[in-house]
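**Q** Structure: my_file_23.txt, compact mmCIF, C-alpha atoms and all ligand atoms.
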```txt
# COMPACT_ATOMS: atom_id res chain seq x y z
CA MET F 57 37.04 1.75 -11.64
CA SER F 58 33.93 0.19 -13.14
CA GLU F 59 33.09 0.67 -16.81
CA MET F 60 29.98 2.62 -16.01
CA SER F 61 28.31 4.14 -13.00
CA VAL F 62 24.52 3.95 -12.66
CA GLY F 63 23.04 5.92 -9.76
CA PHE F 64 19.89 4.92 -7.90
CA TYR F 65 18.10 8.24 -8.57
CA GLY F 66 17.71 10.62 -11.52
CA HIS F 67 16.66 13.76 -9.63
CA VAL F 68 19.11 16.18 -11.16
CA ARG F 69 18.56 14.83 -14.68
CA GLN F 70 14.84 15.28 -14.17
CA TYR F 71 15.32 18.86 -12.98
CA ARG F 72 17.48 19.71 -16.01
CA ASN F 73 14.87 18.22 -18.38
CA ILE F 74 12.14 20.60 -17.22
CA GLN F 75 14.21 23.29 -15.51
CA SER F 76 12.47 26.24 -17.18
CA GLU F 77 9.02 25.03 -16.05
CA ILE F 78 10.13 24.43 -12.46
CA ASP F 79 12.06 27.68 -12.25
CA ALA F 80 9.09 29.64 -13.62
CA ASN F 81 6.80 28.25 -10.91
CA ILE F 82 9.35 28.90 -8.18
CA LYS F 83 9.68 32.50 -9.39
CA ARG F 84 5.91 32.89 -9.43
CA VAL F 85 5.69 31.76 -5.81
CA LEU F 86 8.60 33.93 -4.67
CA GLU F 87 7.04 36.99 -6.31
CA SER F 88 3.50 36.28 -5.07
CA GLY F 89 4.33 37.17 -1.49
CA GLU F 90 2.34 34.12 -0.27
CA TYR F 91 4.23 31.00 0.70
CA VAL F 92 2.06 28.89 2.97
CA GLN F 93 -1.44 27.82 1.87
CA GLY F 94 -1.28 30.51 -0.77
CA PRO F 95 -2.54 30.50 -4.37
CA MET F 96 -0.02 27.94 -5.67
CA ASN F 97 -1.02 25.47 -2.97
CA LYS F 98 -4.69 25.93 -3.88
CA GLN F 99 -3.96 25.51 -7.59
CA PHE F 100 -1.98 22.33 -7.03
CA GLU F 101 -4.65 20.86 -4.76
CA LYS F 102 -7.22 21.36 -7.55
CA GLU F 103 -4.89 19.81 -10.13
CA LEU F 104 -4.19 16.88 -7.82
CA ALA F 105 -7.90 16.18 -7.24
CA ALA F 106 -8.56 16.44 -10.99
CA PHE F 107 -5.66 14.09 -11.75
CA HIS F 108 -7.33 11.44 -9.59
CA GLY F 109 -10.84 12.27 -10.73
CA MET F 110 -11.69 12.96 -7.09
CA LYS F 111 -13.42 15.84 -5.31
CA HIS F 112 -10.74 16.90 -2.85
CA GLY F 113 -6.95 17.15 -2.73
CA ILE F 114 -5.45 18.20 0.60
CA GLY F 115 -1.76 19.04 0.73
CA VAL F 116 0.10 18.15 3.93
CA GLY F 117 3.66 18.09 5.22
CA ASN F 118 4.61 14.54 4.21
CA GLY F 119 3.24 11.10 3.39
CA THR F 120 3.32 9.86 6.98
CA ASP F 121 1.21 12.78 8.19
CA ALA F 122 -1.20 12.15 5.32
CA ILE F 123 -1.92 8.67 6.72
CA TRP F 124 -2.38 9.56 10.37
CA LEU F 125 -4.35 12.72 9.58
CA ALA F 126 -6.71 10.58 7.47
CA LEU F 127 -6.98 8.07 10.33
CA MET F 128 -7.79 10.85 12.81
CA ALA F 129 -10.31 12.39 10.43
CA LEU F 130 -12.09 9.01 10.42
CA GLY F 131 -12.16 9.10 14.22
CA ILE F 132 -9.63 6.28 14.56
CA GLY F 133 -7.39 6.41 17.60
CA PRO F 134 -6.64 4.74 20.95
CA GLY F 135 -8.41 1.40 21.40
CA ASP F 136 -8.88 0.93 17.65
CA GLU F 137 -7.03 -1.55 15.46
CA VAL F 138 -5.77 -0.98 11.95
CA ILE F 139 -4.64 -3.79 9.63
CA THR F 140 -1.75 -3.46 7.20
CA HIS F 141 0.98 -5.80 5.95
CA ALA F 142 4.37 -6.61 7.41
CA ASN F 143 6.59 -5.78 4.43
CA THR F 144 5.53 -2.18 3.76
CA PHE F 145 7.75 0.82 4.42
CA PHE F 146 7.99 1.53 8.15
CA ALA F 147 5.96 4.77 7.90
CA THR F 148 2.66 2.96 7.24
CA ALA F 149 2.82 1.31 10.68
CA GLU F 150 4.36 4.40 12.24
CA ALA F 151 1.37 6.51 11.15
CA ILE F 152 -1.03 4.07 12.83
CA TRP F 153 1.00 4.38 16.04
CA ILE F 154 1.09 8.20 15.81
CA ALA F 155 -2.72 8.21 15.53
CA GLY F 156 -2.74 6.26 18.82
CA ALA F 157 -4.26 3.15 17.23
CA THR F 158 -2.93 -0.41 17.30
CA THR F 159 -1.06 -1.91 14.35
CA VAL F 160 -2.09 -5.40 13.25
CA LEU F 161 0.17 -6.95 10.62
CA VAL F 162 -0.66 -9.70 8.15
CA ASP F 163 1.32 -11.30 5.35
CA CYS F 164 1.77 -10.15 1.77
CA ASP F 165 0.90 -12.02 -1.37
CA PRO F 166 4.02 -13.99 -2.39
CA LYS F 167 3.90 -12.67 -5.96
CA THR F 168 2.69 -9.06 -5.81
CA LYS F 169 4.15 -8.25 -2.34
CA CYS F 170 0.98 -6.24 -1.62
CA ILE F 171 -1.32 -7.20 1.26
CA ASP F 172 -2.78 -10.71 0.83
CA PRO F 173 -6.58 -10.17 1.04
CA THR F 174 -7.11 -13.79 2.11
CA LYS F 175 -5.15 -13.07 5.33
CA ILE F 176 -7.21 -10.06 6.41
CA GLU F 177 -10.32 -11.71 7.85
CA ALA F 178 -8.40 -13.69 10.47
CA ALA F 179 -7.04 -10.39 11.81
CA ILE F 180 -10.40 -8.66 12.22
CA THR F 181 -11.70 -8.20 15.79
CA PRO F 182 -14.49 -6.03 17.22
CA LYS F 183 -11.82 -3.31 17.63
CA THR F 184 -10.78 -3.27 13.95
CA LYS F 185 -11.62 0.02 12.26
CA ALA F 186 -9.60 0.18 9.05
CA ILE F 187 -7.42 -1.58 6.52
CA ILE F 188 -4.45 0.19 4.93
CA PRO F 189 -3.39 -1.52 1.71
CA VAL F 190 -0.15 -0.21 0.20
CA HIS F 191 0.43 -0.06 -3.55
CA LEU F 192 3.88 -1.43 -2.94
CA TYR F 193 6.68 -0.80 -5.45
CA GLY F 194 4.13 0.98 -7.68
CA GLN F 195 1.63 -1.84 -8.23
CA CYS F 196 -1.94 -1.65 -6.93
CA ALA F 197 -3.08 -3.95 -4.16
CA ASP F 198 -6.09 -6.13 -4.92
CA MET F 199 -8.58 -3.37 -4.10
CA PRO F 200 -11.81 -5.14 -5.18
CA ALA F 201 -11.08 -8.03 -2.78
CA ILE F 202 -10.09 -5.64 0.03
CA LYS F 203 -13.16 -3.45 -0.50
CA LYS F 204 -15.42 -6.51 -0.34
CA ILE F 205 -14.00 -7.54 3.05
CA ALA F 206 -14.17 -3.96 4.32
CA ASP F 207 -17.83 -3.66 3.33
CA GLN F 208 -18.73 -6.98 4.94
CA HIS F 209 -17.13 -5.91 8.24
CA LYS F 210 -17.94 -2.17 8.00
CA LEU F 211 -14.30 -1.09 7.97
CA PHE F 212 -12.69 1.98 6.45
CA VAL F 213 -10.01 1.64 3.77
CA ILE F 214 -7.13 4.08 3.37
CA GLU F 215 -4.89 3.47 0.36
CA ASP F 216 -1.24 4.25 1.13
CA ASN F 217 -0.24 5.36 -2.34
CA ALA F 218 3.19 6.79 -1.55
CA GLN F 219 4.67 4.48 -4.20
CA GLY F 220 2.01 4.20 -6.88
CA PHE F 221 1.23 7.69 -8.13
CA ASP F 222 -0.54 7.29 -11.52
CA ALA F 223 -0.79 3.49 -11.16
CA ALA F 224 -4.11 1.73 -11.82
CA GLY F 225 -5.79 -1.63 -11.54
CA ASP F 226 -7.47 -3.45 -14.41
CA THR F 227 -11.05 -2.60 -13.51
CA PHE F 228 -10.44 0.06 -10.87
CA LYS F 229 -8.71 3.37 -10.35
CA ILE F 230 -6.80 4.49 -7.31
CA GLY F 231 -9.12 6.23 -4.87
CA GLU F 232 -12.28 4.64 -6.22
CA LEU F 233 -12.57 1.75 -3.73
CA SER F 234 -11.46 3.46 -0.53
CA ASP F 235 -12.39 6.28 1.83
CA ALA F 236 -9.14 8.17 1.32
CA THR F 237 -5.88 7.82 -0.57
CA THR F 238 -2.64 9.21 0.80
CA THR F 239 0.56 9.96 -1.02
CA SER F 240 4.09 11.19 -0.37
CA PHE F 241 5.98 13.69 -2.49
CA ILE F 242 9.40 13.24 -0.93
CA ILE F 243 11.96 13.50 -3.72
CA GLN F 244 12.54 9.78 -4.24
CA LYS F 245 8.88 8.95 -4.99
CA ASN F 246 7.68 8.81 -8.62
CA LEU F 247 6.24 12.32 -8.22
CA GLY F 248 8.59 14.07 -5.80
CA THR F 249 9.48 17.62 -4.84
CA PHE F 250 12.89 18.89 -3.77
CA GLY F 251 12.14 18.17 -0.13
CA ASP F 252 9.18 16.80 1.82
CA SER F 253 5.46 16.94 1.34
CA GLY F 254 2.42 14.74 0.89
CA ALA F 255 -1.31 14.78 0.26
CA ILE F 256 -4.67 13.13 0.80
CA VAL F 257 -7.21 12.72 -2.00
CA THR F 258 -10.80 11.82 -1.21
CA ASN F 259 -14.42 12.18 -2.26
CA ASN F 260 -15.45 12.31 1.40
CA ASP F 261 -16.43 15.85 2.46
CA GLN F 262 -15.95 15.10 6.14
CA ILE F 263 -12.38 13.82 5.67
CA ASN F 264 -11.68 16.89 3.56
CA LYS F 265 -13.03 19.24 6.21
CA VAL F 266 -11.35 17.59 9.18
CA THR F 267 -7.93 17.06 7.60
CA ARG F 268 -7.87 20.71 6.51
CA LEU F 269 -8.53 21.73 10.11
CA LEU F 270 -6.04 19.27 11.58
CA ARG F 271 -3.19 20.30 9.28
CA ALA F 272 -3.42 23.94 10.36
CA HIS F 273 -3.76 24.13 14.15
CA GLY F 274 -7.44 23.18 14.08
CA SER F 275 -8.23 26.65 12.85
CA PRO F 276 -11.39 27.25 10.77
CA ALA F 277 -10.98 31.04 11.03
CA ARG F 278 -8.45 33.51 12.31
CA ASN F 279 -7.87 33.16 16.09
CA VAL F 280 -10.31 30.24 16.37
CA HIS F 281 -8.76 26.85 17.25
CA SER F 282 -9.54 23.30 18.24
CA PHE F 283 -7.05 20.47 18.54
CA GLY F 284 -4.81 20.26 15.50
CA TYR F 285 -1.29 20.10 14.28
CA ASN F 286 1.02 21.84 11.81
CA SER F 287 1.47 19.86 8.60
CA ARG F 288 1.23 21.90 5.42
CA LEU F 289 2.37 21.60 1.82
CA ASP F 290 4.06 24.95 1.24
CA ASP F 291 3.70 26.86 -1.98
CA LEU F 292 7.23 26.37 -3.27
CA HIS F 293 6.75 22.60 -3.19
CA ALA F 294 3.26 22.97 -4.66
CA GLY F 295 4.77 24.93 -7.58
CA ILE F 296 7.46 22.31 -8.18
CA LEU F 297 4.88 19.50 -7.99
CA SER F 298 2.47 21.31 -10.30
CA ALA F 299 5.20 21.57 -12.94
CA LYS F 300 6.27 17.94 -12.50
CA MET F 301 2.75 16.46 -12.41
CA LYS F 302 2.27 17.48 -16.05
CA HIS F 303 5.01 14.95 -16.91
CA ILE F 304 4.33 12.15 -14.46
CA HIS F 305 2.36 9.94 -16.83
CA GLU F 306 5.07 10.11 -19.48
CA TRP F 307 7.80 9.56 -16.84
CA ASN F 308 5.96 6.50 -15.57
CA ASN F 309 5.71 5.25 -19.15
CA ASN F 310 9.51 5.48 -19.30
CA ARG F 311 9.76 3.45 -16.09
CA ILE F 312 7.48 0.81 -17.64
CA GLN F 313 9.75 0.71 -20.68
CA TRP F 314 12.86 0.25 -18.49
CA ALA F 315 11.13 -2.43 -16.42
CA ASP F 316 10.31 -4.33 -19.62
CA ARG F 317 13.92 -3.95 -20.74
CA TYR F 318 15.23 -5.30 -17.41
CA THR F 319 12.79 -8.19 -17.58
CA ALA F 320 13.88 -9.06 -21.14
CA GLY F 321 17.57 -8.68 -20.27
CA LEU F 322 17.35 -10.80 -17.11
CA GLN F 323 15.32 -13.71 -18.53
CA GLY F 324 16.71 -17.09 -17.61
CA ALA F 325 18.63 -16.01 -14.51
CA LYS F 326 18.94 -18.82 -11.97
CA SER F 327 20.18 -17.06 -8.85
CA PHE F 328 17.28 -14.60 -8.63
CA THR F 329 13.65 -14.19 -9.70
CA LEU F 330 12.05 -11.22 -11.43
CA PRO F 331 9.19 -9.05 -10.17
CA TYR F 332 5.64 -10.20 -10.88
CA GLN F 333 3.19 -8.01 -12.71
CA VAL F 334 -0.56 -8.49 -12.40
CA PRO F 335 -1.96 -8.76 -15.96
CA GLY F 336 -3.94 -5.68 -16.94
CA TYR F 337 -2.67 -3.47 -14.09
CA ARG F 338 -0.68 -0.30 -14.71
CA HIS F 339 2.42 -0.94 -12.56
CA VAL F 340 4.40 2.31 -12.34
CA TRP F 341 7.61 0.72 -11.06
CA HIS F 342 8.50 2.92 -8.13
CA LEU F 343 10.97 0.10 -7.54
CA TYR F 344 12.16 -2.81 -9.65
CA VAL F 345 12.78 -5.53 -7.07
CA ILE F 346 14.39 -8.88 -7.82
CA GLU F 347 14.62 -11.68 -5.22
CA VAL F 348 17.71 -13.83 -4.78
CA THR F 349 17.11 -17.56 -4.47
CA ASN F 350 19.78 -17.90 -1.80
CA PRO F 351 19.27 -15.30 0.98
CA GLN F 352 22.80 -16.01 2.23
CA LYS F 353 24.15 -14.38 -0.90
CA ARG F 354 21.92 -11.30 -1.01
CA ASP F 355 24.24 -8.82 0.70
CA ALA F 356 27.26 -10.04 -1.27
CA PHE F 357 25.29 -9.55 -4.51
CA VAL F 358 24.40 -5.97 -3.54
CA ASP F 359 28.01 -5.22 -2.56
CA TRP F 360 29.26 -6.70 -5.83
CA LEU F 361 26.83 -4.57 -7.87
CA VAL F 362 27.87 -1.43 -5.99
CA LYS F 363 31.54 -2.27 -6.57
CA ASN F 364 30.73 -2.60 -10.26
CA GLY F 365 29.15 0.84 -10.45
CA VAL F 366 25.49 -0.19 -10.01
CA ASP F 367 23.89 1.56 -7.07
CA ALA F 368 21.58 -1.23 -5.89
CA LYS F 369 19.66 -1.06 -2.59
CA THR F 370 17.21 -3.17 -0.57
CA HIS F 371 13.52 -2.35 0.07
CA TYR F 372 13.00 -3.36 2.79
CA SER F 373 15.47 -5.73 4.36
CA ILE F 374 13.90 -5.54 7.84
CA ALA F 375 10.14 -6.13 7.93
CA ILE F 376 8.01 -4.06 10.32
CA HIS F 377 7.55 -6.84 12.89
CA GLN F 378 11.33 -7.42 12.83
CA GLN F 379 12.02 -3.80 13.83
CA ALA F 380 13.14 -3.65 17.43
CA GLY F 381 12.41 0.08 17.31
CA TYR F 382 8.69 -0.30 16.65
CA PRO F 383 6.76 0.55 19.82
CA TRP F 384 5.25 -2.88 20.29
CA GLY F 385 2.81 -3.37 23.11
CA LYS F 386 -0.75 -2.04 23.42
CA GLY F 387 -1.82 -5.11 21.47
CA ALA F 388 0.25 -4.39 18.34
CA ARG F 389 0.75 -7.81 16.77
CA VAL F 390 1.25 -10.10 13.85
CA VAL F 391 -1.64 -12.38 12.84
CA GLY F 392 -0.79 -15.69 11.23
CA SER F 393 2.39 -16.57 9.39
CA VAL F 394 4.22 -13.69 7.72
CA ALA F 395 6.62 -16.00 5.93
CA ASN F 396 6.19 -14.22 2.59
CA ALA F 397 7.06 -10.84 4.14
CA GLU F 398 10.09 -12.37 5.83
CA HIS F 399 11.20 -14.02 2.61
CA ASN F 400 10.86 -10.68 0.85
CA ALA F 401 12.98 -8.94 3.51
CA ALA F 402 15.70 -11.59 3.23
CA THR F 403 15.92 -11.73 -0.57
CA CYS F 404 15.00 -8.34 -2.07
CA ILE F 405 17.32 -6.23 -4.21
CA SER F 406 16.19 -3.00 -5.92
CA LEU F 407 17.87 -2.12 -9.20
CA PRO F 408 18.16 1.51 -10.35
CA MET F 409 14.75 2.62 -11.67
CA TYR F 410 13.78 6.10 -12.84
CA ALA F 411 12.47 7.74 -15.99
CA GLU F 412 15.79 9.35 -16.86
CA LEU F 413 17.80 6.13 -17.16
CA THR F 414 19.28 5.42 -20.59
CA ALA F 415 19.04 2.17 -22.55
CA ALA F 416 22.81 1.78 -22.20
CA GLU F 417 22.54 2.08 -18.41
CA VAL F 418 19.70 -0.42 -18.15
CA ASP F 419 21.61 -2.85 -20.36
CA TYR F 420 24.74 -2.39 -18.25
CA VAL F 421 22.84 -3.15 -15.03
CA ALA F 422 21.25 -6.22 -16.62
CA ARG F 423 24.63 -7.41 -17.92
CA LYS F 424 26.21 -7.08 -14.48
CA CYS F 425 23.34 -9.02 -12.89
CA ARG F 426 23.82 -11.80 -15.44
CA GLU F 427 27.55 -11.84 -14.82
CA TRP F 428 26.87 -12.41 -11.14
CA ASP F 429 24.29 -15.03 -12.04
CA MET F 430 26.81 -17.05 -14.11
CA THR F 431 29.12 -17.57 -11.15
CA ASN F 432 26.52 -17.75 -8.37
CA ALA F 433 23.65 -19.79 -9.79
C1 LIG F 501 7.53 7.06 1.59
C2 LIG F 501 6.42 6.28 2.17
C3 LIG F 501 5.64 6.78 3.23
C4 LIG F 501 5.97 8.02 3.98
O1 LIG F 501 6.13 9.17 3.26
P1 LIG F 501 6.99 10.38 3.86
O2 LIG F 501 6.66 11.49 2.92
O3 LIG F 501 8.40 9.97 3.84
O4 LIG F 501 6.49 10.65 5.23
C5 LIG F 501 4.56 6.03 3.66
N1 LIG F 501 4.27 4.85 3.12
C6 LIG F 501 5.01 4.31 2.12
C7 LIG F 501 4.60 2.99 1.55
C8 LIG F 501 6.11 5.01 1.63
O5 LIG F 501 6.84 4.46 0.65
```
Just dump the structure as structure tokens.
**A**
Amino acid sequence: MSEMSVGFYGHVRQYRNIQSEIDANIKRVLESGEYVQGPMNKQFEKELAAFHGMKHGIGVGNGTDAIWLALMALGIGPGDEVITHANTFFATAEAIWIAGATTVLVDCDPKTKCIDPTKIEAAITPKTKAIIPVHLYGQCADMPAIKKIADQHKLFVIEDNAQGFDAAGDTFKIGELSDATTTSFIIQKNLGTFGDSGAIVTNNDQINKVTRLLRAHGSPARNVHSFGYNSRLDDLHAGILSAKMKHIHEWNNNRIQWADRYTAGLQGAKSFTLPYQVPGYRHVWHLYVIEVTNPQKRDAFVDWLVKNGVDAKTHYSIAIHQQAGYPWGKGARVVGSVANAEHNAATCISLPMYAELTAAEVDYVARKCREWDMTNA
């Protein structure tokens, strides 16, 4: 038995902390008699748009749907190419494929792990229609640089913000420098419901109109349909999210505090490096990812942590272009070296990170990492 056990998620702790608020919203929905695209969904969509300072919030079934629905609303599909980076979560590339477009992967920045803007131009062809930067691990991609390239080449930008809810850049806000921003509310994200759902936020009236049609069987009015799909954020989840969103900024502040505590406690380690933070950005630490210096020892380190009661994981140990299961073909490809993405896949370890951690737990995790470091440096 280890001295302490630190789980990877704090979902139940979070529920207990605001149980009365969540339960009250669930009760309201149950008693309203309307469960799909009802009043709670509409309320949450307004709150979500206001949170981002944007015109429209569109609730959908999950974060993957949010991306491909936004792509379709922009008219992107078969024959079109979309650029993203090789070390994002699989769903970013999957959404491009679902939309029928072609995935083009470039490398990440070696420090931030977000898309490297200097690699984008080499991947642009006459077929390129959009760039999807991901605010990976909770830190914004370099949006001003991406927006500049997009404007020069007349490309759309969709921010995949599944991991960076309430993050910000130094001079820019999320949503400000793109056509649409998508997010996921699956439980493990910073703002998560007890199940699946997602959303799109945008100032673009056309994207708002089309995604609303697409998510509900292409139906503008009863019995009238065009091509669409079924991908809705139901009212129970909207109620849970509405209650939780009131706390997200404070919860993210806790994450920032724990990240600082990890960083202080892990200073001087020789067998791994610490995550990089862009000065002036609000990094909301969806994940706190260290990188081992010897990839051969990564899995043993994770196993050792788990054996010592620290539920560590890897995000993501197989990059997109290394996935045999990705439907390659139709021109899907990697442009240039993706050595940084591959290095990231081979060396990453995510330590437990959530608002409800305690100082004693963070210190225990840091102590165990240092113990490993002393014998494996
Ligand atoms: C979680 C995630 C998604 C997909 O969200 P789902 O709600 O699981 O469909 C997309 N992109 C990134 C970067 C994610 O982390």
**Q** In Å, with one decimal, what is the gap from CA of Lys102 (chain F) to CA of His67 (chain F)?
**A**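 Result for CA of Lys102 (chain F) versus CA of His67 (chain F): 25.1 Å, one decimal.
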**Q** Write out as a list of chain:residue names each polymer residue whose atoms come within 10 Å of Ile202 (chain F), counting all atoms listed in the file; drop sequence neighbours fewer than 2 positions from it.
**A** F:Ile171, F:Asp172, F:Pro173, F:Thr174, F:Ile176, F:Glu177, F:Ile187, F:Ile188, F:Pro189, F:Ala197, F:Asp198, F:Met199, F:Pro200, F:Lys204, F:Ile205, F:Ala206, F:Asp207, F:Val213, F:Leu233, F:Ser234
**Q** Once 5 Å is added on each side, what centre and edge lengths in Å to one decimal does the axis-aligned box around all listed atoms of ligand LIG 501 (chain F) have, as AutoDock Vina command-line options?
**A**
```
--center_x 6.3 --center_y 7.2 --center_z 2.9 --size_x 14.1 --size_y 18.5 --size_z 14.6
```
**Q** Need the neighbours of (-0.2, 29.4, 1.6): which residues are at most 12 Å away, counting only C-alpha atoms, as a list in words?
**A**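 Protein and nucleic acid residues near the point are Val85, Leu86, Ser88, Gly89, Glu90, Tyr91, Val92, Gln93, Gly94, Pro95, Met96, Asn97, Lys98, Gln99, Phe100, Glu101, Gly115, Val116, Ala272, Ser287, Arg288, Leu289, Asp290, Asp291, Leu292, His293, Ala294 and Gly295 of chain F.
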**Q** Where does chain F meet ligand LIG 501 (chain F) within 9 Å, residue by residue, with the nearest atom pair and distance in Å to one decimal for each, counting all atoms listed in the file, listed by chain and rising number, as a tab-separated table?
**A**
```
residue	atom	partner	partner_atom	distance
F:Gly117	CA	F:LIG501	O2	7.6
F:Asn118	CA	F:LIG501	O2	3.9
F:Gly119	CA	F:LIG501	O2	3.5
F:Thr120	CA	F:LIG501	O4	3.7
F:Asp121	CA	F:LIG501	O4	6.4
F:Ala122	CA	F:LIG501	O4	7.8
F:Ile123	CA	F:LIG501	C5	7.6
F:Thr144	CA	F:LIG501	C7	5.7
F:Phe145	CA	F:LIG501	C7	4.8
F:Phe146	CA	F:LIG501	N1	7.1
F:Ala147	CA	F:LIG501	C5	4.6
F:Thr148	CA	F:LIG501	N1	4.8
F:Ala149	CA	F:LIG501	N1	8.5
F:Glu150	CA	F:LIG501	C5	8.7
F:Ala151	CA	F:LIG501	C5	8.2
F:Val190	CA	F:LIG501	C7	5.9
F:His191	CA	F:LIG501	C7	7.3
F:Leu192	CA	F:LIG501	C7	6.3
F:Tyr193	CA	F:LIG501	O5	8.1
F:Asp216	CA	F:LIG501	N1	5.9
F:Asn217	CA	F:LIG501	C7	6.6
F:Ala218	CA	F:LIG501	C8	4.7
F:Gln219	CA	F:LIG501	O5	5.3
F:Gly220	CA	F:LIG501	C7	8.9
F:Thr238	CA	F:LIG501	C5	8.4
F:Thr239	CA	F:LIG501	O1	7.1
F:Ser240	CA	F:LIG501	O2	4.2
F:Phe241	CA	F:LIG501	O2	5.9
F:Ile242	CA	F:LIG501	O2	5.0
F:Ile243	CA	F:LIG501	O2	8.7
F:Gln244	CA	F:LIG501	C1	8.2
F:Lys245	CA	F:LIG501	C1	7.0
F:Asp252	CA	F:LIG501	O2	6.0
F:Ser253	CA	F:LIG501	O2	5.8
F:Gly254	CA	F:LIG501	O2	5.7
```
**Q** One number please: CA of Pro182 (chain F) to CA of Phe212 (chain F), in Å, one decimal.
**A**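 Computed distance, CA of Pro182 (chain F) to CA of Phe212 (chain F), equals 13.5 Å.
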